[in-house]
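Asks: What follows is a structure written as structure tokens; I'll ask about it next.
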Amino acid sequence: MSLKEKIFTYKQRRQPAREAIFPDFKNVRSVLVLFESELLEQNAFVYAIAQKLIDEDKDVVSWGYCDKKEIQSPILPHLRVLGRRDFTLFGAPKEEVLHDLQKRHFDLLIDLTQHPCLALRYLAMYARADFKTGLNLGTGIHDLLISTEPQETPDFLFEQIVKYLKMIQPK
């Protein structure tokens, strides 16, 4: 285990215990989508996924990570792509990024990460959301885990997450 992983595990253990609030999908109003950005930062798949959620009357904010220093995408209220400069030497988000992330509370976090990515794990851990869901990468952050093979795009993972969220009948 690398030093960065050990630091993440230490910080994860120090997080307060979460009580997952299982959502009734039709009553979810705000959604945070985490994703792995394409190198060219086009991310058409994220726009399509966000539009599907908007069509279901959800307020959607998307945050992605691209493993490069210089990010070309502007910081928008509904879309933000982060790069290496937004994280410390040990992989944790810098204070201003953390502040921006925690400014808002979400009903649901949908993590579309398909490969282990420390930066996105930190974002998922620190995000203020009642319910967190994503691919089963063994991180212990999410409340609902989907087990499937990584695909070329996260569309299949998104469809599976929504399918299971719609099946949940909270009391």
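Identifiers in this document derive from the order of the structure tokens: chains are assigned A, B, ..., residues are numbered from 1 separately in each chain, and ligands are numbered from 1 in order of occurrence.
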Using DSSP on the backbone coordinates, identify all residues within range 33-118 of chain A classified as strand (DSSP E or B); present the result as a list in words.

Replies: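 Answer for range 33-118 of chain A restricted to strand (DSSP E or B) is Val33, Leu34, Phe35, Glu36, Asp59, Val60, Val61, Ser62, Trp63, Gly64, Tyr65, Leu79, Arg80, Val81, Leu82, Phe87, Pro93, His105, Phe106, Asp107, Leu108, Leu109, Ile110 and Asp111 of chain A.
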
Asks: Leaving out range 104-112 of chain A and any residue of its chain fewer than 6 positions from it, which residues lie within 6 Å of it when counting only C-alpha atoms, given as a VMD selection string?

Replies: chain A and resid 28 30 to 35 128 to 134 154

Asks: Between A:Pro74, A:Tyr122, A:Arg85, A:Gln114, which has the minimum distance to Leu101 in chain A (counting only C-alpha atoms)?

Replies: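 When distances to Leu101 in chain A are compared using only C-alpha atoms, the smallest one comes from A:Tyr122.
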
Asks: Which residue gives the smallest distance to Ala92 in chain A among A:Leu145, A:Arg14, A:Leu76, A:Arg121, with only C-alpha atoms counted?

Replies: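 Ranked by minimum distance to Ala92 in chain A, first place goes to A:Arg121.
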
Asks: Just to confirm, what's the straight-line distance from CA of Asp100 in chain A to CA of Tyr126 in chain A in Å (one decimal)?

Replies: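 Result for CA of Asp100 in chain A versus CA of Tyr126 in chain A: 10.9 Å, one decimal.
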
Asks: Which of these, A:Asp59, A:Glu38, A:Asp24, A:Glu159, has the shortest distance to His78 in chain A once you count only C-alpha atoms?

Replies: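 Nearest to His78 in chain A: A:Asp59.
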
Asks: A:Thr113, A:Asn27, A:Asn136, A:Thr88: which is nearest Ile7 in chain A, counting only C-alpha atoms?

Replies: A:Thr88

Asks: Just want the 10 Å neighbourhood of Phe87 in chain A, counted on only C-alpha atoms, with same-chain residues fewer than 5 positions away dropped. Output as a PDB file with N, CA and C atoms, in the first residue's frame.

Replies:
ATOM      1  N   LEU A  82     -11.431  18.951 -12.386  1.00  0.00           N
ATOM      2  CA  LEU A  82     -10.249  19.203 -11.572  1.00  0.00           C
ATOM      3  C   LEU A  82      -9.046  18.486 -12.158  1.00  0.00           C
ATOM      4  N   ALA A  92      -4.795  14.598  -1.503  1.00  0.00           N
ATOM      5  CA  ALA A  92      -6.020  15.153  -0.913  1.00  0.00           C
ATOM      6  C   ALA A  92      -6.397  16.446  -1.633  1.00  0.00           C
ATOM      7  N   PRO A  93      -7.687  16.767  -1.690  1.00  0.00           N
ATOM      8  CA  PRO A  93      -8.080  18.026  -2.325  1.00  0.00           C
ATOM      9  C   PRO A  93      -7.554  19.225  -1.537  1.00  0.00           C
ATOM     10  N   LYS A  94      -7.158  20.259  -2.255  1.00  0.00           N
ATOM     11  CA  LYS A  94      -6.702  21.482  -1.590  1.00  0.00           C
ATOM     12  C   LYS A  94      -7.883  22.142  -0.880  1.00  0.00           C
ATOM     13  N   GLU A  95      -7.564  23.010   0.058  1.00  0.00           N
ATOM     14  CA  GLU A  95      -8.576  23.617   0.931  1.00  0.00           C
ATOM     15  C   GLU A  95      -9.681  24.328   0.145  1.00  0.00           C
ATOM     16  N   GLU A  96      -9.322  25.082  -0.894  1.00  0.00           N
ATOM     17  CA  GLU A  96     -10.345  25.814  -1.648  1.00  0.00           C
ATOM     18  C   GLU A  96     -11.276  24.872  -2.409  1.00  0.00           C
ATOM     19  N   VAL A  97     -10.738  23.747  -2.892  1.00  0.00           N
ATOM     20  CA  VAL A  97     -11.561  22.744  -3.576  1.00  0.00           C
ATOM     21  C   VAL A  97     -12.523  22.113  -2.575  1.00  0.00           C
ATOM     22  N   LEU A  98     -11.997  21.759  -1.425  1.00  0.00           N
ATOM     23  CA  LEU A  98     -12.820  21.165  -0.374  1.00  0.00           C
ATOM     24  C   LEU A  98     -13.927  22.123   0.058  1.00  0.00           C
ATOM     25  N   ALA A 119      -8.160  10.791  -6.272  1.00  0.00           N
ATOM     26  CA  ALA A 119      -8.771  12.123  -6.239  1.00  0.00           C
ATOM     27  C   ALA A 119     -10.287  12.029  -6.148  1.00  0.00           C
ATOM     28  N   TYR A 122     -11.484  10.790  -2.728  1.00  0.00           N
ATOM     29  CA  TYR A 122     -11.512  11.889  -1.756  1.00  0.00           C
ATOM     30  C   TYR A 122     -12.773  12.728  -1.938  1.00  0.00           C
TER      31      TYR A 122
END

Asks: Could you tell me how far CA of Pro116 in chain A lies from CA of Gln42 in chain A, in Å and to one decimal?

Replies: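 Taking CA of Pro116 in chain A as the start and CA of Gln42 in chain A as the end point, the length is 21.1 Å.
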
Asks: DSSP on the backbone, then: every residue of chain A marked helix (DSSP H, G or I), written as a count of residues only.

Replies: 59

Asks: Counting only C-alpha atoms, figure out which residue out of A:Asp57, A:Asp143, A:Asp155, A:Glu149 gets nearest to Ala17 in chain A.

Replies: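 For Ala17 in chain A, the nearest of the candidates is A:Asp143.
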
Asks: List the spatial neighbours of Glu36 in chain A as JSON, numbers by chain - criterion: any atom at most 7 Å away, only C-alpha atoms, same-chain residues fewer than 6 positions off excluded.

Replies: {"A": [64, 65, 66, 113]}

Asks: Counting only C-alpha atoms, figure out which residue out of A:Leu40, A:Gly140, A:Lys4, A:Leu135 gets nearest to Phe156 in chain A.

Replies: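 With only C-alpha atoms as the atom set, the closest residue is A:Leu135.
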
Asks: So how many Å separate CA of Lys68 in chain A and CA of Asp86 in chain A, to one decimal?

Replies: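 Pair CA of Lys68 in chain A / CA of Asp86 in chain A returns 10.3 Å.
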